[in-house]
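Shown next: protein25.txt, given as compact mmCIF, C-alpha atoms.
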# COMPACT_ATOMS: atom_id res chain seq x y z
CA MET A 56 0.00 0.00 0.00
CA SER A 57 1.27 3.48 -0.86
CA PRO A 58 2.07 5.46 2.30
CA LEU A 59 -0.38 8.28 1.48
CA GLN A 60 -3.17 6.14 0.06
CA GLY A 61 -6.48 7.65 1.16
CA LEU A 62 -5.05 11.17 1.60
CA LYS A 63 -7.18 13.76 -0.22
CA VAL A 64 -5.54 16.92 -1.57
CA LEU A 65 -7.21 19.97 -3.11
CA ASP A 66 -4.62 21.94 -5.09
CA PHE A 67 -5.25 25.53 -6.22
CA SER A 68 -1.64 26.20 -7.25
CA THR A 69 -0.05 26.73 -10.67
CA LEU A 70 3.34 26.60 -12.37
CA LEU A 71 6.03 24.89 -10.26
CA PRO A 72 6.14 25.07 -6.42
CA GLY A 73 2.62 23.94 -5.49
CA PRO A 74 2.17 21.50 -8.39
CA LEU A 75 5.49 19.84 -7.54
CA ALA A 76 4.46 19.56 -3.90
CA SER A 77 1.14 17.93 -4.81
CA LEU A 78 2.92 15.69 -7.35
CA ILE A 79 5.18 14.34 -4.60
CA LEU A 80 2.09 13.63 -2.48
CA ALA A 81 0.42 11.97 -5.49
CA GLU A 82 3.49 9.85 -6.22
CA ALA A 83 3.28 8.62 -2.63
CA GLY A 84 -0.38 7.64 -3.10
CA ALA A 85 -2.48 10.74 -2.37
CA HIS A 86 -5.55 11.58 -4.46
CA VAL A 87 -5.08 15.12 -5.87
CA ILE A 88 -7.78 17.31 -7.43
CA LYS A 89 -6.24 20.25 -9.25
CA VAL A 90 -8.46 23.35 -9.47
CA GLU A 91 -7.79 25.36 -12.64
CA ARG A 92 -9.22 28.44 -14.31
CA PRO A 93 -11.62 27.64 -17.18
CA GLY A 94 -10.37 28.19 -20.71
CA SER A 95 -6.61 28.29 -20.17
CA GLY A 96 -6.02 26.35 -16.97
CA ASP A 97 -2.64 26.30 -15.28
CA GLU A 98 -0.21 28.62 -17.12
CA MET A 99 2.15 25.65 -17.40
CA ARG A 100 -0.22 24.10 -19.97
CA SER A 101 0.97 26.72 -22.49
CA TYR A 102 4.69 26.00 -22.04
CA THR A 103 6.82 24.39 -24.74
CA PRO A 104 8.00 21.87 -25.82
CA ARG A 105 4.80 19.96 -26.47
CA VAL A 106 4.05 16.28 -27.10
CA GLY A 107 0.68 15.16 -28.37
CA GLY A 108 -0.62 18.69 -27.93
CA GLU A 109 0.32 18.80 -24.25
CA SER A 110 3.07 20.75 -22.55
CA VAL A 111 5.91 18.48 -21.44
CA ASN A 112 6.36 20.63 -18.32
CA PHE A 113 2.71 20.28 -17.40
CA VAL A 114 2.64 16.53 -18.02
CA MET A 115 5.70 15.95 -15.83
CA LEU A 116 4.35 18.01 -12.93
CA ASN A 117 0.71 16.90 -13.02
CA ARG A 118 0.59 13.22 -13.86
CA GLY A 119 -1.97 11.26 -11.94
CA LYS A 120 -4.02 14.24 -10.76
CA GLN A 121 -7.62 15.13 -11.57
CA SER A 122 -8.52 18.49 -13.13
CA LEU A 123 -11.48 20.61 -12.06
CA ALA A 124 -12.00 23.72 -14.23
CA LEU A 125 -13.74 26.33 -12.08
CA ASP A 126 -14.06 30.12 -12.05
CA LEU A 127 -13.28 30.93 -8.42
CA LYS A 128 -14.97 34.34 -8.77
CA SER A 129 -18.24 32.74 -9.78
CA PRO A 130 -21.08 32.90 -7.22
CA ASP A 131 -21.47 29.14 -7.59
CA ALA A 132 -17.79 28.31 -6.99
CA LEU A 133 -18.13 27.76 -3.28
CA THR A 134 -21.14 25.50 -3.81
CA THR A 135 -19.01 23.29 -6.04
CA LEU A 136 -16.00 23.37 -3.73
CA ARG A 137 -17.70 22.92 -0.38
CA PRO A 138 -18.11 19.10 -0.55
CA LEU A 139 -14.50 18.77 -1.72
CA ILE A 140 -13.23 21.00 1.09
CA GLU A 141 -15.26 19.06 3.63
CA GLN A 142 -13.61 15.81 2.50
CA ALA A 143 -10.07 17.09 1.92
CA ASP A 144 -7.13 16.43 4.20
CA VAL A 145 -4.84 19.00 2.59
CA LEU A 146 -5.40 22.24 0.67
CA ILE A 147 -2.51 23.86 -1.23
CA GLU A 148 -2.69 27.40 -2.59
CA GLN A 149 -0.11 29.71 -4.14
CA PHE A 150 -1.85 33.06 -4.61
CA ARG A 151 -0.55 36.33 -3.21
CA PRO A 152 -1.49 36.87 0.44
CA GLY A 153 -5.17 37.73 0.89
CA VAL A 154 -6.43 36.47 -2.47
CA MET A 155 -7.98 33.25 -1.17
CA ALA A 156 -9.71 35.13 1.65
CA ARG A 157 -11.26 37.55 -0.86
CA LEU A 158 -12.57 34.55 -2.76
CA GLY A 159 -14.18 33.19 0.41
CA LEU A 160 -11.56 30.43 0.61
CA GLY A 161 -9.17 31.74 3.26
CA TYR A 162 -8.10 29.49 6.11
CA GLU A 163 -10.48 30.94 8.69
CA GLN A 164 -13.35 30.54 6.22
CA VAL A 165 -12.64 26.94 5.17
CA ARG A 166 -11.78 25.87 8.72
CA GLU A 167 -15.46 26.35 9.51
CA MET A 168 -16.23 23.76 6.84
CA ASN A 169 -13.44 21.34 7.81
CA PRO A 170 -11.55 21.87 11.09
CA ARG A 171 -9.26 18.93 10.29
CA LEU A 172 -7.92 20.52 7.09
CA ILE A 173 -4.18 21.13 6.65
CA TYR A 174 -4.07 24.43 4.75
CA CYS A 175 -0.73 25.15 3.06
CA SER A 176 -0.01 28.58 1.54
CA ILE A 177 3.12 28.81 -0.61
CA SER A 178 4.29 32.32 -1.45
CA GLY A 179 7.45 34.13 -2.40
CA TRP A 180 7.90 36.32 0.67
CA GLY A 181 5.52 34.74 3.17
CA GLN A 182 2.11 35.91 4.35
CA SER A 183 3.43 38.89 6.32
CA GLY A 184 6.25 41.44 6.21
CA PRO A 185 7.06 44.46 4.03
CA LYS A 186 7.66 42.39 0.87
CA ALA A 187 4.64 40.10 1.19
CA ASN A 188 2.78 41.45 -1.86
CA ILE A 189 5.75 42.29 -4.11
CA ALA A 190 5.78 40.44 -7.44
CA ALA A 191 8.88 38.30 -7.91
CA HIS A 192 10.27 35.09 -9.40
CA ASP A 193 12.94 32.60 -8.42
CA LEU A 194 15.85 34.82 -9.49
CA ASN A 195 14.55 37.67 -7.31
CA TYR A 196 14.36 35.49 -4.21
CA VAL A 197 17.86 34.13 -4.85
CA ALA A 198 19.16 37.66 -5.41
CA GLU A 199 17.63 39.11 -2.25
CA SER A 200 18.61 36.15 -0.06
CA GLY A 201 22.32 36.91 -0.58
CA MET A 202 22.91 33.66 -2.49
CA LEU A 203 23.36 35.21 -5.93
CA ASN A 204 26.05 37.58 -4.68
CA LEU A 205 28.21 34.57 -3.81
CA CYS A 206 27.97 33.04 -7.30
CA ALA A 207 30.56 35.03 -9.24
CA GLY A 208 31.95 34.40 -12.72
CA ALA A 209 35.45 35.13 -13.94
CA ASP A 210 34.67 38.84 -14.24
CA GLY A 211 33.30 39.03 -10.71
CA ALA A 212 29.68 39.46 -11.81
CA PRO A 213 27.00 37.09 -10.43
CA VAL A 214 26.28 34.10 -12.67
CA LEU A 215 22.69 33.30 -13.60
CA PRO A 216 21.84 30.07 -11.71
CA PRO A 217 20.35 27.30 -13.89
CA LEU A 218 18.32 25.77 -11.05
CA LEU A 219 15.06 27.01 -9.54
CA ALA A 220 16.25 26.91 -5.95
CA ALA A 221 13.46 29.02 -4.46
CA ASP A 222 10.61 27.25 -6.25
CA ILE A 223 11.80 23.73 -5.49
CA ALA A 224 14.09 23.80 -2.43
CA GLY A 225 12.41 26.84 -0.88
CA GLY A 226 8.80 26.11 -1.82
CA ALA A 227 7.79 22.62 -2.93
CA LEU A 228 10.00 20.53 -0.65
CA PRO A 229 9.38 22.51 2.57
CA ALA A 230 5.66 22.43 1.76
CA VAL A 231 5.65 18.63 1.61
CA MET A 232 7.75 18.34 4.76
CA ASN A 233 5.51 20.66 6.76
CA ILE A 234 2.33 19.05 5.45
CA MET A 235 3.60 15.71 6.73
CA PHE A 236 4.44 17.28 10.12
CA ALA A 237 0.96 18.78 10.30
CA LEU A 238 -0.69 15.47 9.43
CA ARG A 239 1.28 13.77 12.19
CA GLU A 240 0.23 16.52 14.59
CA ARG A 241 -3.39 16.05 13.52
CA ASP A 242 -3.14 12.36 14.39
CA ARG A 243 -2.71 13.46 18.01
CA SER A 244 -4.80 16.63 18.19
CA GLY A 245 -7.59 15.86 15.75
CA THR A 246 -7.44 19.41 14.33
CA GLY A 247 -5.88 20.94 11.25
CA ARG A 248 -3.18 23.55 10.87
CA TYR A 249 -2.36 26.61 8.76
CA LEU A 250 1.11 26.53 7.10
CA ASP A 251 2.86 29.69 5.84
CA ILE A 252 5.59 28.50 3.44
CA SER A 253 7.86 31.33 2.28
CA MET A 254 10.20 30.47 -0.58
CA SER A 255 12.56 33.33 0.29
CA ASP A 256 12.66 32.39 3.99
CA ASN A 257 13.68 28.87 3.16
CA LEU A 258 16.71 29.88 1.09
CA PHE A 259 18.65 31.15 4.09
CA VAL A 260 19.41 27.62 5.30
CA PHE A 261 21.69 27.18 2.26
CA ASN A 262 24.00 29.86 3.60
CA TYR A 263 23.94 28.66 7.21
CA TRP A 264 27.74 28.77 7.38
CA GLY A 265 27.94 32.31 6.01
CA ILE A 266 25.31 33.56 8.45
CA GLY A 267 27.19 31.90 11.29
CA ASN A 268 30.49 33.46 10.24
CA GLY A 269 28.97 36.89 9.84
CA ARG A 270 27.01 36.89 13.07
CA VAL A 271 29.95 35.84 15.25
CA GLY A 272 32.28 38.41 13.75
CA ALA A 273 34.34 36.07 11.56
CA GLY A 274 33.43 38.09 8.45
CA TRP A 275 30.60 37.91 5.95
CA PRO A 276 31.39 35.62 3.01
CA ARG A 277 32.67 36.98 -0.30
CA ALA A 278 32.34 35.56 -3.80
CA GLY A 279 35.64 33.90 -4.68
CA GLY A 280 36.98 34.38 -1.18
CA GLU A 281 35.78 31.51 1.01
CA LEU A 282 36.16 27.75 1.22
CA LEU A 283 32.93 27.09 -0.69
CA THR A 284 32.86 30.18 -2.93
CA GLY A 285 36.10 29.80 -4.87
CA GLY A 286 38.70 30.85 -2.33
CA SER A 287 40.23 27.39 -1.88
CA PRO A 288 42.12 25.12 -4.31
CA ARG A 289 40.43 22.16 -2.62
CA TYR A 290 36.91 23.23 -3.70
CA GLN A 291 37.37 24.56 -7.19
CA ILE A 292 36.57 24.15 -10.88
CA TYR A 293 39.47 23.72 -13.32
CA ARG A 294 39.53 23.80 -17.13
CA THR A 295 40.80 20.77 -19.10
CA ALA A 296 42.74 20.65 -22.36
CA ASP A 297 39.56 20.02 -24.36
CA GLU A 298 37.70 22.99 -22.86
CA ARG A 299 35.73 20.95 -20.39
CA TYR A 300 35.95 21.15 -16.62
CA VAL A 301 36.99 19.19 -13.56
CA ALA A 302 35.10 19.76 -10.29
CA VAL A 303 37.45 19.24 -7.35
CA ALA A 304 35.96 18.84 -3.86
CA ALA A 305 38.97 17.40 -2.06
CA LEU A 306 38.22 19.19 1.20
CA GLU A 307 39.51 16.66 3.70
CA ASP A 308 43.26 16.17 4.05
CA ARG A 309 43.19 12.56 2.86
CA PHE A 310 41.35 13.50 -0.35
CA TRP A 311 43.63 16.49 -0.93
CA ALA A 312 46.72 14.31 -0.42
CA ASN A 313 45.46 11.70 -2.87
CA PHE A 314 44.49 14.32 -5.45
CA THR A 315 47.70 16.34 -5.30
CA LYS A 316 49.76 13.16 -5.54
CA LEU A 317 47.77 12.07 -8.59
CA ILE A 318 48.38 15.37 -10.42
CA ASP A 319 52.00 15.54 -9.18
CA LEU A 320 51.65 18.89 -7.46
CA PRO A 321 54.93 20.04 -5.86
CA GLU A 322 55.19 19.17 -2.17
CA ALA A 323 55.50 22.80 -1.12
CA LEU A 324 52.11 23.60 -2.70
CA ARG A 325 50.35 20.73 -0.95
CA ASP A 326 50.89 22.35 2.44
CA PRO A 327 47.81 24.11 3.91
CA SER A 328 49.90 27.20 4.54
CA ALA A 329 50.68 27.73 0.85
CA PRO A 330 48.94 30.81 -0.61
CA ALA A 331 45.56 29.78 -2.05
CA GLU A 332 45.95 31.85 -5.24
CA THR A 333 49.31 30.26 -5.97
CA VAL A 334 48.02 26.74 -5.41
CA ILE A 335 44.89 27.33 -7.51
CA ALA A 336 47.03 28.56 -10.41
CA ALA A 337 49.38 25.60 -10.12
CA VAL A 338 46.56 23.05 -10.03
CA ALA A 339 44.92 24.79 -13.01
CA ARG A 340 48.12 24.37 -15.02
CA ARG A 341 48.25 20.65 -14.18
CA ILE A 342 44.62 20.03 -15.09
CA ALA A 343 44.91 22.00 -18.34
CA VAL A 344 47.44 19.61 -19.89
CA ARG A 345 45.03 16.66 -20.17
CA THR A 346 41.61 16.17 -21.74
CA SER A 347 38.49 15.47 -19.71
CA GLU A 348 38.52 11.83 -20.82
CA GLN A 349 42.13 11.42 -19.76
CA TRP A 350 41.27 12.86 -16.35
CA ARG A 351 38.19 10.64 -16.11
CA GLU A 352 40.43 7.61 -16.61
CA ALA A 353 42.97 8.94 -14.11
CA PHE A 354 40.29 9.57 -11.47
CA ALA A 355 38.67 6.14 -11.88
CA GLY A 356 39.00 4.10 -8.70
CA GLN A 357 40.75 6.91 -6.82
CA ASP A 358 39.53 8.22 -3.46
CA ILE A 359 39.73 11.92 -4.34
CA CYS A 360 36.25 13.52 -4.65
CA CYS A 361 36.81 14.75 -8.21
CA SER A 362 34.39 14.72 -11.13
CA ILE A 363 34.21 15.68 -14.77
CA VAL A 364 31.48 18.31 -15.12
CA ALA A 365 28.70 16.48 -16.99
CA THR A 366 26.17 17.88 -19.39
CA LEU A 367 22.54 17.23 -18.45
CA GLU A 368 22.31 14.75 -21.33
CA GLU A 369 25.31 12.85 -19.98
CA ALA A 370 23.87 12.85 -16.47
CA VAL A 371 20.48 11.54 -17.60
CA ASN A 372 22.13 8.77 -19.63
CA ASP A 373 24.69 7.85 -16.96
CA PRO A 374 24.58 4.12 -16.09
CA HIS A 375 24.18 5.04 -12.42
CA THR A 376 21.05 7.06 -13.25
CA SER A 377 19.60 4.05 -15.05
CA ALA A 378 20.60 1.71 -12.24
CA ARG A 379 18.70 3.89 -9.77
CA GLY A 380 15.53 3.60 -11.91
CA LEU A 381 15.18 7.32 -12.60
CA VAL A 382 14.77 7.37 -16.38
CA PRO A 383 12.78 4.40 -17.77
CA ARG A 384 9.35 5.43 -16.50
CA ALA A 385 7.04 7.43 -18.76
CA ALA A 386 4.36 9.98 -17.87
CA GLN A 387 2.33 9.29 -21.00
CA THR A 388 2.32 6.97 -24.02
CA ASP A 389 2.91 9.36 -26.94
CA GLU A 390 6.24 9.50 -28.76
CA PRO A 391 8.65 10.89 -27.83
CA VAL A 392 8.04 9.58 -24.33
CA VAL A 393 7.64 12.24 -21.64
CA PRO A 394 9.66 11.04 -18.63
CA VAL A 395 8.29 10.77 -15.14
CA LEU A 396 9.83 13.45 -12.95
CA PRO A 397 12.24 11.74 -10.49
CA VAL A 398 10.78 13.25 -7.34
CA PRO A 399 12.79 12.92 -4.09
CA LEU A 400 11.03 9.87 -2.71
CA ALA A 401 12.78 6.73 -1.56
CA PRO A 402 12.34 4.05 -4.26
CA VAL A 403 10.02 2.04 -2.01
CA TYR A 404 7.53 4.93 -1.95
CA ARG A 405 7.50 5.81 -5.66
CA ARG A 406 4.31 5.18 -7.59
CA GLU A 407 4.59 2.32 -10.03
CA ALA A 408 4.99 3.16 -13.73
CA GLY A 409 2.08 1.07 -14.88
CA PRO A 410 -0.70 1.45 -15.32
CA ARG A 411 0.50 4.93 -16.26
CA ALA A 412 -1.20 7.84 -14.59
CA GLU A 413 -1.28 10.52 -17.25
CA ALA A 414 -1.72 14.26 -16.75
CA PRO A 415 -5.38 15.34 -16.93
CA ALA A 416 -7.03 17.36 -19.68
CA LEU A 417 -8.37 20.71 -18.48
CA GLY A 418 -11.67 20.14 -16.67
CA GLU A 419 -11.55 16.42 -17.40
CA HIS A 420 -12.87 15.61 -13.94
CA ASN A 421 -15.52 18.30 -13.48
CA GLY A 422 -18.24 16.75 -11.37
CA ALA A 423 -15.87 14.21 -9.85
CA SER A 424 -15.47 13.80 -6.10
CA PHE A 425 -12.89 12.33 -3.79
CA PRO A 426 -13.07 8.57 -3.45
CA GLU A 427 -14.50 7.23 -0.21

Please express the file's structure as structure tokens.
Amino acid sequence: MSPLQGLKVLDFSTLLPGPLASLILAEAGAHVIKVERPGSGDEMRSYTPRVGGESVNFVMLNRGKQSLALDLKSPDALTTLRPLIEQADVLIEQFRPGVMARLGLGYEQVREMNPRLIYCSISGWGQSGPKANIAAHDLNYVAESGMLNLCAGADGAPVLPPLLAADIAGGALPAVMNIMFALRERDRSGTGRYLDISMSDNLFVFNYWGIGNGRVGAGWPRAGGELLTGGSPRYQIYRTADERYVAVAALEDRFWANFTKLIDLPEALRDPSAPAETVIAAVARRIAVRTSEQWREAFAGQDICCSIVATLEEAVNDPHTSARGLVPRAAQTDEPVVPVLPVPLAPVYRREAGPRAEAPALGEHNGASFPE
């Protein structure tokens, strides 16, 4: 039996954070009804590329859910939603603060219908504070959290991050974690809980070490100046002869000793007291004389914490990725096959590939209810 079998989720969210959170719950067995605006639905439905007329992004994030197309401003909306709210265990919403309350669907309002409901609001800045209603996207949250300032390129300017850290690590994953805490709490108390999930709040944990250093007077971190931001030869990226890169993370002494011996770094430069800039330059010269494939062969079987920087295509097709069962599953049957998103569930909790649970058409389940 799936661990969340029988859990009923009503999802009002769009795009990435909320839909990913409800997808994780669905993959673990929950029954999810996705409420969408009539006509266009979730904005993600319009994203490209498309397969069989459907957005690949939407299919990956919404497989196995039901779709209810409903105008939330309609006078009849609450009549339609009331029986679903009364049955639901979890409600997820992602509007700006105050929007759900104006629609008659705020926590205080729906708690009267279902006091056991876990109500999870995901927002960029949280439900309170000076920034609560400011429009923003992932890059803005990363910029204002101090993270982007520590990601510098060769010219010292911040580098555009390719990952949606705020949406996923700051929004979707904390939402799931706190929903599970609230459900466990409800097991004891019998009552629901309101959850305020702020994507920007949840980014600060990534810089725990920098906050600690700054607060105790050891200095606020600088791009290119600290152990994890480019200031150390032991945690660094080096260019190879074929214009690829080696990622070195030989932080501990034993890894550093093994690595520097492998590349034949002079003994004087292996000492921790050697100037970091000098050592970085010397290691860079050593790495630059061989191709990435030559270094891959040299690193094989060595205890050194070094990797060739892979492309996403290489990573997806890596034998280890296949061995972990991340790529064979499909979200729908059209060609090319849309892959199932490898959500962070232990393999024992992942939903089986077949029969495949495809993403719903807009309004496909209007009139449907939660199963008993």

* Got a sec: who's within 7 Å of range 137-149 of chain A, counting all atoms listed in the file, leaving out chain neighbours fewer than 3 positions off, as a list in words? -> Leu62, Lys63, Val64, Leu65, Asp66, Phe67, Ser68, Gly73, Leu133, Thr134, Met168, Asn169, Arg171, Leu172, Ile173, Tyr174, Cys175, Ser176, Ile177, Ser178, Ser424 and Phe425 of chain A

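With distances restricted to all atoms listed in the file, A:Leu283 is the closest residue to Ala207 in chain A from A:Val344, A:Leu75, A:Val90, A:Leu283.
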
* Structure fact -> Val392 in chain A proximity check over A:Val114, A:Ala304, A:Leu367, A:Met235, using only C-alpha atoms: winner is A:Val114

* Atomic separation - CA of Leu250 in chain A relative to CA of Ile234 in chain A, Å ->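 Spanning CA of Ile234 in chain A to CA of Leu250 in chain A is a straight-line distance of 7.8 Å.
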
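Counting all atoms listed in the file and comparing A:Pro213, A:Gly226, A:Gly108, A:Pro321, the residue that lies closest to Ala278 in chain A is A:Pro213.
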
* Considering all atoms listed in the file, return as number ranges by chain whatever protein or nucleic-acid residues lie within 12 Å of Ala365 in chain A, sequence-local ones (same chain, fewer than 3 positions apart) excluded. => A: 299-302, 347-348, 351, 362, 368-373

* Structure fact -> Using all atoms listed in the file, the best pick from A:Arg92, A:Arg105, A:Arg405, A:Arg294 as closest to Lys128 in chain A would be A:Arg92

* Of the candidates A:Leu194, A:Ala378, A:Leu320, A:Ala353, which one gets nearest to Ala339 in chain A if we count all atoms listed in the file? ->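 Closest residue, counting all atoms listed in the file: A:Leu320.
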
* For Thr135 in chain A, which residue out of A:Glu427, A:Ala76, A:Glu298, A:Gly422 is the nearest one, using only C-alpha atoms? -> A:Gly422
